[in-house]
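Structure file final.cif; described as mmCIF, C-alpha atoms.
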data_protein
loop_
_atom_site.label_atom_id
_atom_site.label_comp_id
_atom_site.auth_asym_id
_atom_site.auth_seq_id
_atom_site.Cartn_x
_atom_site.Cartn_y
_atom_site.Cartn_z
CA MET A 20 -60.88 25.91 -34.97
CA THR A 21 -58.67 25.76 -31.86
CA GLY A 22 -57.57 28.88 -30.06
CA SER A 23 -53.89 28.07 -30.63
CA ARG A 24 -54.36 28.65 -34.36
CA ILE A 25 -55.67 32.17 -33.84
CA LEU A 26 -52.68 34.50 -34.00
CA PHE A 27 -54.61 37.77 -33.63
CA GLU A 28 -58.23 38.83 -33.27
CA ASP A 29 -60.10 42.06 -32.62
CA ASN A 30 -63.40 43.52 -33.80
CA HIS A 31 -62.07 44.07 -37.30
CA LEU A 32 -59.61 41.28 -38.18
CA ILE A 33 -58.86 37.67 -37.40
CA VAL A 34 -55.50 36.11 -38.31
CA ILE A 35 -55.14 32.33 -38.58
CA ASN A 36 -52.24 29.88 -38.74
CA LYS A 37 -53.11 27.94 -41.89
CA LEU A 38 -52.10 24.29 -41.95
CA PRO A 39 -50.53 22.75 -45.06
CA GLY A 40 -53.23 21.08 -47.14
CA GLU A 41 -55.97 23.56 -46.25
CA ILE A 42 -57.52 25.76 -48.92
CA VAL A 43 -58.25 29.39 -48.09
CA GLN A 44 -61.27 29.76 -50.41
CA GLY A 45 -63.58 27.21 -52.00
CA ASP A 46 -62.42 25.57 -55.21
CA LYS A 47 -63.40 22.76 -57.58
CA THR A 48 -62.31 20.08 -55.06
CA GLY A 49 -65.34 20.85 -52.89
CA ASP A 50 -63.19 20.66 -49.74
CA VAL A 51 -64.25 22.89 -46.86
CA PRO A 52 -62.18 26.09 -47.10
CA LEU A 53 -60.54 27.88 -44.19
CA SER A 54 -62.84 30.86 -44.79
CA GLU A 55 -65.86 28.68 -43.92
CA THR A 56 -64.13 27.22 -40.85
CA VAL A 57 -63.41 30.74 -39.60
CA LYS A 58 -66.98 31.82 -40.33
CA LYS A 59 -68.33 28.88 -38.32
CA TYR A 60 -65.95 29.66 -35.45
CA LEU A 61 -67.08 33.31 -35.31
CA LYS A 62 -70.75 32.37 -35.51
CA GLU A 63 -70.44 29.94 -32.60
CA LYS A 64 -68.10 32.04 -30.44
CA TYR A 65 -70.22 35.18 -30.61
CA ASN A 66 -73.58 33.39 -30.98
CA LYS A 67 -74.35 35.40 -34.12
CA PRO A 68 -77.67 34.88 -35.90
CA GLY A 69 -77.75 34.83 -39.68
CA ASN A 70 -74.76 35.18 -41.96
CA VAL A 71 -71.30 36.08 -40.62
CA PHE A 72 -69.02 38.29 -42.73
CA THR A 73 -65.58 36.80 -43.37
CA GLY A 74 -63.57 38.67 -46.01
CA VAL A 75 -60.53 36.99 -47.53
CA VAL A 76 -57.70 39.54 -47.48
CA HIS A 77 -55.11 37.31 -49.20
CA ARG A 78 -54.48 33.64 -49.98
CA LEU A 79 -51.80 30.98 -49.63
CA ASP A 80 -51.30 28.00 -51.93
CA ARG A 81 -52.75 24.75 -50.62
CA PRO A 82 -49.41 23.09 -49.67
CA VAL A 83 -48.12 26.25 -47.95
CA SER A 84 -48.49 26.97 -44.22
CA GLY A 85 -48.67 30.13 -42.16
CA ILE A 86 -50.40 33.47 -41.74
CA VAL A 87 -53.73 34.20 -43.39
CA VAL A 88 -55.62 37.41 -42.59
CA PHE A 89 -59.42 37.64 -42.70
CA ALA A 90 -61.54 40.79 -42.30
CA LYS A 91 -64.58 40.67 -40.01
CA THR A 92 -66.26 43.71 -41.60
CA GLY A 93 -66.66 45.09 -45.10
CA LYS A 94 -64.96 48.32 -44.02
CA ALA A 95 -61.88 46.47 -42.79
CA LEU A 96 -61.73 44.38 -45.98
CA ALA A 97 -61.86 47.47 -48.22
CA ARG A 98 -59.07 49.16 -46.28
CA MET A 99 -56.91 46.02 -46.24
CA ASN A 100 -57.36 45.76 -50.02
CA GLU A 101 -56.08 49.34 -50.27
CA LEU A 102 -52.99 48.41 -48.26
CA PHE A 103 -52.27 45.59 -50.71
CA GLN A 104 -52.72 47.86 -53.71
CA LYS A 105 -50.35 50.44 -52.22
CA LYS A 106 -47.83 47.70 -51.28
CA GLU A 107 -48.14 48.66 -47.61
CA PHE A 108 -48.73 45.08 -46.42
CA GLU A 109 -45.35 43.43 -45.84
CA LYS A 110 -45.03 39.64 -45.86
CA ILE A 111 -42.04 37.56 -44.78
CA TYR A 112 -41.79 33.87 -45.70
CA TRP A 113 -39.49 31.04 -44.71
CA ALA A 114 -38.50 28.62 -47.47
CA VAL A 115 -36.36 25.48 -47.28
CA THR A 116 -34.33 24.37 -50.30
CA GLY A 117 -31.86 21.58 -50.93
CA VAL A 118 -29.42 23.86 -52.75
CA LYS A 119 -27.39 26.68 -51.23
CA PRO A 120 -27.80 30.06 -52.97
CA GLN A 121 -24.66 31.39 -54.65
CA GLN A 122 -24.89 34.51 -52.50
CA GLU A 123 -26.15 34.48 -48.92
CA GLU A 124 -28.30 37.53 -49.59
CA GLY A 125 -29.72 38.87 -52.82
CA THR A 126 -32.62 39.67 -55.13
CA LEU A 127 -34.38 37.46 -57.68
CA GLU A 128 -36.55 38.80 -60.45
CA GLY A 129 -38.15 37.75 -63.70
CA TYR A 130 -41.40 37.89 -65.64
CA LEU A 131 -43.96 35.26 -64.65
CA GLN A 132 -46.46 33.74 -67.02
CA LYS A 133 -49.30 31.73 -65.50
CA ASN A 134 -50.46 28.54 -67.19
CA GLU A 135 -54.07 28.14 -66.01
CA ALA A 136 -54.40 24.54 -67.23
CA LYS A 137 -51.35 23.37 -65.27
CA ASN A 138 -51.80 25.86 -62.39
CA LYS A 139 -48.14 26.74 -62.74
CA SER A 140 -46.10 29.87 -63.48
CA TYR A 141 -43.14 29.98 -65.83
CA VAL A 142 -40.27 32.47 -65.72
CA ASP A 143 -39.77 34.65 -68.78
CA LYS A 144 -36.51 36.39 -67.90
CA ASP A 145 -36.62 39.28 -70.35
CA GLY A 146 -40.37 39.92 -70.52
CA SER A 147 -40.57 39.25 -74.26
CA LYS A 148 -43.46 36.81 -73.78
CA GLY A 149 -45.63 39.22 -71.83
CA GLY A 150 -45.05 37.87 -68.32
CA LYS A 151 -45.69 39.98 -65.21
CA HIS A 152 -42.62 41.51 -63.57
CA SER A 153 -41.86 39.73 -60.30
CA ILE A 154 -39.26 40.47 -57.66
CA LEU A 155 -38.25 39.17 -54.23
CA HIS A 156 -35.38 39.59 -51.78
CA TYR A 157 -33.88 36.63 -49.92
CA LYS A 158 -31.44 35.99 -47.10
CA LEU A 159 -29.88 32.72 -45.92
CA LEU A 160 -30.85 32.24 -42.28
CA CYS A 161 -29.73 28.76 -41.29
CA VAL A 162 -28.13 25.56 -42.59
CA SER A 163 -28.62 21.87 -41.76
CA ASP A 164 -26.71 18.87 -43.13
CA ASN A 165 -28.80 18.77 -46.31
CA TYR A 166 -31.05 21.85 -46.37
CA PHE A 167 -30.97 25.63 -46.32
CA LEU A 168 -33.47 27.97 -44.69
CA LEU A 169 -34.12 31.22 -46.55
CA GLU A 170 -36.02 34.30 -45.43
CA ILE A 171 -38.04 35.66 -48.37
CA ASN A 172 -39.41 39.18 -48.71
CA PRO A 173 -41.61 39.35 -51.83
CA VAL A 174 -41.92 42.80 -53.40
CA THR A 175 -44.61 41.86 -55.91
CA GLY A 176 -47.49 39.41 -55.45
CA ARG A 177 -47.59 37.10 -58.45
CA HIS A 178 -48.97 33.56 -58.79
CA HIS A 179 -46.48 31.02 -57.34
CA GLN A 180 -43.87 33.77 -57.34
CA ILE A 181 -41.56 32.42 -54.61
CA ARG A 182 -41.80 28.85 -55.86
CA ALA A 183 -41.12 29.75 -59.49
CA LEU A 184 -38.31 32.26 -58.92
CA LEU A 185 -36.41 29.98 -56.53
CA ALA A 186 -36.80 27.05 -58.94
CA SER A 187 -35.52 29.20 -61.82
CA GLN A 188 -32.24 29.49 -59.89
CA GLY A 189 -32.00 25.73 -59.36
CA MET A 190 -33.30 26.00 -55.78
CA PRO A 191 -36.78 24.40 -55.74
CA ILE A 192 -38.51 24.33 -52.37
CA LYS A 193 -38.36 21.06 -50.44
CA GLY A 194 -41.33 18.85 -51.38
CA ASP A 195 -42.36 21.01 -54.35
CA LEU A 196 -42.56 18.44 -57.16
CA LYS A 197 -44.39 20.92 -59.40
CA TYR A 198 -41.31 23.13 -59.50
CA GLY A 199 -38.65 20.48 -59.71
CA PHE A 200 -37.85 19.13 -56.24
CA ASN A 201 -36.95 15.46 -56.55
CA ARG A 202 -39.42 14.03 -54.02
CA SER A 203 -42.59 15.01 -52.25
CA ASN A 204 -43.20 15.47 -48.54
CA LYS A 205 -45.25 12.65 -47.02
CA ASP A 206 -48.14 14.96 -46.09
CA GLY A 207 -48.24 16.70 -49.48
CA SER A 208 -46.92 19.96 -48.03
CA ILE A 209 -44.01 22.01 -49.28
CA HIS A 210 -41.51 23.73 -47.00
CA LEU A 211 -42.80 27.25 -47.59
CA HIS A 212 -44.23 29.10 -44.60
CA ALA A 213 -45.80 32.56 -44.29
CA ARG A 214 -43.82 33.59 -41.23
CA GLU A 215 -44.64 37.26 -40.57
CA VAL A 216 -46.86 40.15 -41.65
CA ARG A 217 -46.57 43.86 -40.92
CA PHE A 218 -49.16 46.51 -41.70
CA ILE A 219 -51.02 49.51 -40.31
CA HIS A 220 -54.32 48.47 -38.73
CA PRO A 221 -57.17 49.41 -41.11
CA VAL A 222 -59.30 51.03 -38.39
CA LYS A 223 -57.09 51.76 -35.37
CA ASN A 224 -54.27 53.13 -37.54
CA GLU A 225 -51.69 51.39 -35.35
CA PRO A 226 -48.76 49.24 -36.53
CA VAL A 227 -49.45 45.49 -36.42
CA GLN A 228 -46.75 42.83 -36.54
CA ILE A 229 -47.70 39.14 -36.36
CA THR A 230 -45.40 36.11 -36.46
CA CYS A 231 -46.42 32.50 -36.90
CA PRO A 232 -44.62 29.32 -35.77
CA PRO A 233 -43.88 26.83 -38.55
CA PRO A 234 -45.53 23.39 -38.60
CA ASP A 235 -44.56 20.89 -35.89
CA GLU A 236 -42.31 18.82 -38.15
CA PRO A 237 -38.68 17.65 -37.65
CA LEU A 238 -36.93 19.91 -40.17
CA TRP A 239 -38.96 23.01 -39.30
CA ASN A 240 -38.36 22.28 -35.62
CA TYR A 241 -34.61 21.96 -36.23
CA PHE A 242 -34.37 25.33 -37.97
CA ALA A 243 -36.59 27.07 -35.42
CA GLY A 244 -34.42 25.65 -32.64
CA GLN A 245 -31.20 26.79 -34.32
CA LEU A 246 -32.49 30.33 -34.76
CA LYS A 247 -33.70 30.42 -31.16
CA ASP A 248 -30.24 29.34 -29.95
CA GLU A 249 -28.55 32.00 -32.12
CA ARG A 250 -30.67 34.73 -30.57
CA LYS A 251 -29.47 33.69 -27.10
CA VAL A 252 -25.81 34.26 -28.02
#
Using the file provided, produce a representation of the structure as structure tokens.
Amino acid sequence: MTGSRILFEDNHLIVINKLPGEIVQGDKTGDVPLSETVKKYLKEKYNKPGNVFTGVVHRLDRPVSGIVVFAKTGKALARMNELFQKKEFEKIYWAVTGVKPQQEEGTLEGYLQKNEAKNKSYVDKDGSKGGKHSILHYKLLCVSDNYFLLEINPVTGRHHQIRALLASQGMPIKGDLKYGFNRSNKDGSIHLHAREVRFIHPVKNEPVQITCPPPDEPLWNYFAGQLKDERKV
């Protein structure tokens, strides 16, 4: 765990820039999860004997990059869980699609049904099949010759929510074969990035805002550069 991947750390929380391909928690693959990497880092850095507490506050899908928050104490984890339940933990994502949205800014919603066997969610638009209500807001940020960068603000927290709702509008995320994009990215990633989080610190009761640079990759670099240039104007 290199220091450049640590976006924030204090006595209560540690926030990591997750790389595409990493898993946050252990699964049936047996691959080493990010939670264990963080635990090892904390144990070595602070020379801690015995077990080190690392509480998973939230997760990202394996091909997704960006911000993941871990709690360093049980107290911090319990309070962060409360923030999630009260919808007081705001997340902003960047997503790249190959199709321009009909409106530059808007809201997508539907009812999502999770298929456990396929690890995929399907949109049930009217809720007649018992899906969970899902909603997100989006805004077009930037355009390249072939792709479109969207800022996504999810209101609910459903399984594969951003991926499924964008795909339901004919805008699958770049590289996301599971949801209908026509080809994969070479590294198995998809162009979905957890860009920013905002919340009230669980112990200090102070506002926290953390942003995370996207992966060092040509298309992400292009969009980041364009936005940086726009801010200078």
Hits from the PyMOL selection byres ((chain A and resi 156-169) around 9), listed as a ChimeraX atom specification: /A:112-120,122-128,154-155,170-174,193,238,241-242,245-246
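Residues in contact range of A:Lys223, defined as at most 12 Å between all atoms listed in the file, with sequence neighbours fewer than 2 positions away removed, read A:Asp29, A:Asn30, A:His31, A:Leu32, A:Ala95, A:Arg98, A:Phe218, A:Ile219, A:His220, A:Pro221, A:Glu225, A:Pro226, A:Val227.
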Residues from the last selection, C-alpha atoms, saved as a tab-separated table (two decimals), keeping the file's coordinate frame:
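See result.tsv below for the written result:
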chain	number	residue	atom	x	y	z
A	29	ASP	CA	-60.10	42.06	-32.62
A	30	ASN	CA	-63.40	43.52	-33.80
A	31	HIS	CA	-62.07	44.07	-37.30
A	32	LEU	CA	-59.61	41.28	-38.18
A	95	ALA	CA	-61.88	46.47	-42.79
A	98	ARG	CA	-59.07	49.16	-46.28
A	218	PHE	CA	-49.16	46.51	-41.70
A	219	ILE	CA	-51.02	49.51	-40.31
A	220	HIS	CA	-54.32	48.47	-38.73
A	221	PRO	CA	-57.17	49.41	-41.11
A	225	GLU	CA	-51.69	51.39	-35.35
A	226	PRO	CA	-48.76	49.24	-36.53
A	227	VAL	CA	-49.45	45.49	-36.42
Pairwise distance for atom CA of A:Lys94 and atom CA of A:Thr73, rounded to one decimal in Å: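 Between atom CA of A:Lys94 and atom CA of A:Thr73 the gap works out to 11.6 Å.
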Distance in Å - atom CA of A:Lys67 versus atom CA of A:Leu38: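 These atoms are spaced 26.1 Å apart.
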Stretch 164-202 of chain A near stretch 79-84 of chain A within 10 Å: what's each residue's closest atom pair and its distance in Å to one decimal, counting all atoms listed in the file, ordered by chain then ascending residue number, as JSON lines?
{"residue": "A:His178", "atom": "CA", "partner": "A:Asp80", "partner_atom": "CA", "distance": 9.1}
{"residue": "A:His179", "atom": "CA", "partner": "A:Asp80", "partner_atom": "CA", "distance": 7.8}
{"residue": "A:Gly194", "atom": "CA", "partner": "A:Pro82", "partner_atom": "CA", "distance": 9.3}
{"residue": "A:Asp195", "atom": "CA", "partner": "A:Pro82", "partner_atom": "CA", "distance": 8.7}
Chain and number of each residue from the PyMOL selection byres ((chain A and resi 177) around 10), as a PyMOL selection string: chain A and resi 130-133+140+151-154+173-176+178-181+183
Selected residue, from A:Ile111, A:Ser187, A:Val75, A:Leu211, that lies nearest to A:Asp143 when counting only C-alpha atoms: A:Ser187
For atom CA of A:Glu109 and atom CA of A:Arg217, the interatomic separation in Å (one decimal):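 So the two atoms, atom CA of A:Glu109 and atom CA of A:Arg217, lie 5.1 Å apart.
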Shell of 6 Å around A:Ser208, all atoms listed in the file, local chain residues under 2 positions omitted, as a PyMOL selection string: chain A and resi 39+82+204+206
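Each of A:Ile35, A:Ile42, A:Leu184, A:Ile86 was checked against A:Lys110 using only C-alpha atoms; the smallest atom-to-atom distance is that of A:Ile86.
Candidate residues A:Ala90, A:Gly85, A:Gln104, A:Gly189 were compared for distance to A:Gln121, and the nearest is A:Gly189, using only C-alpha atoms.
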Residues in the PyMOL selection byres ((chain A and resi 229-235) around 7), expressed as a PyMOL selection string: chain A and resi 36+85-86+212+214-217+227-228+236-237+239-240
Minimum-distance residue to A:Phe72, chosen among A:Leu96, A:Ala136, A:Val88, A:Ile209 (using only C-alpha atoms):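 The shortest atom-to-atom distance to A:Phe72 comes from A:Leu96.
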Nearest to A:Met99, chosen from A:Ala186, A:Ala243, A:Val57, A:Val76, with all atoms listed in the file counted in the distances: A:Val76
From A:Lys91, A:Lys37, A:Lys106, A:Lys197, residue lying nearest A:Lys137 [only C-alpha atoms]: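 Of the candidates, the smallest distance to A:Lys137 is held by A:Lys197.
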Spatial neighbours of A:Ile25, 9 Å, all atoms listed in the file, chain gap at least 3 places, as a ChimeraX atom specification: /A:20-22,28,33-36
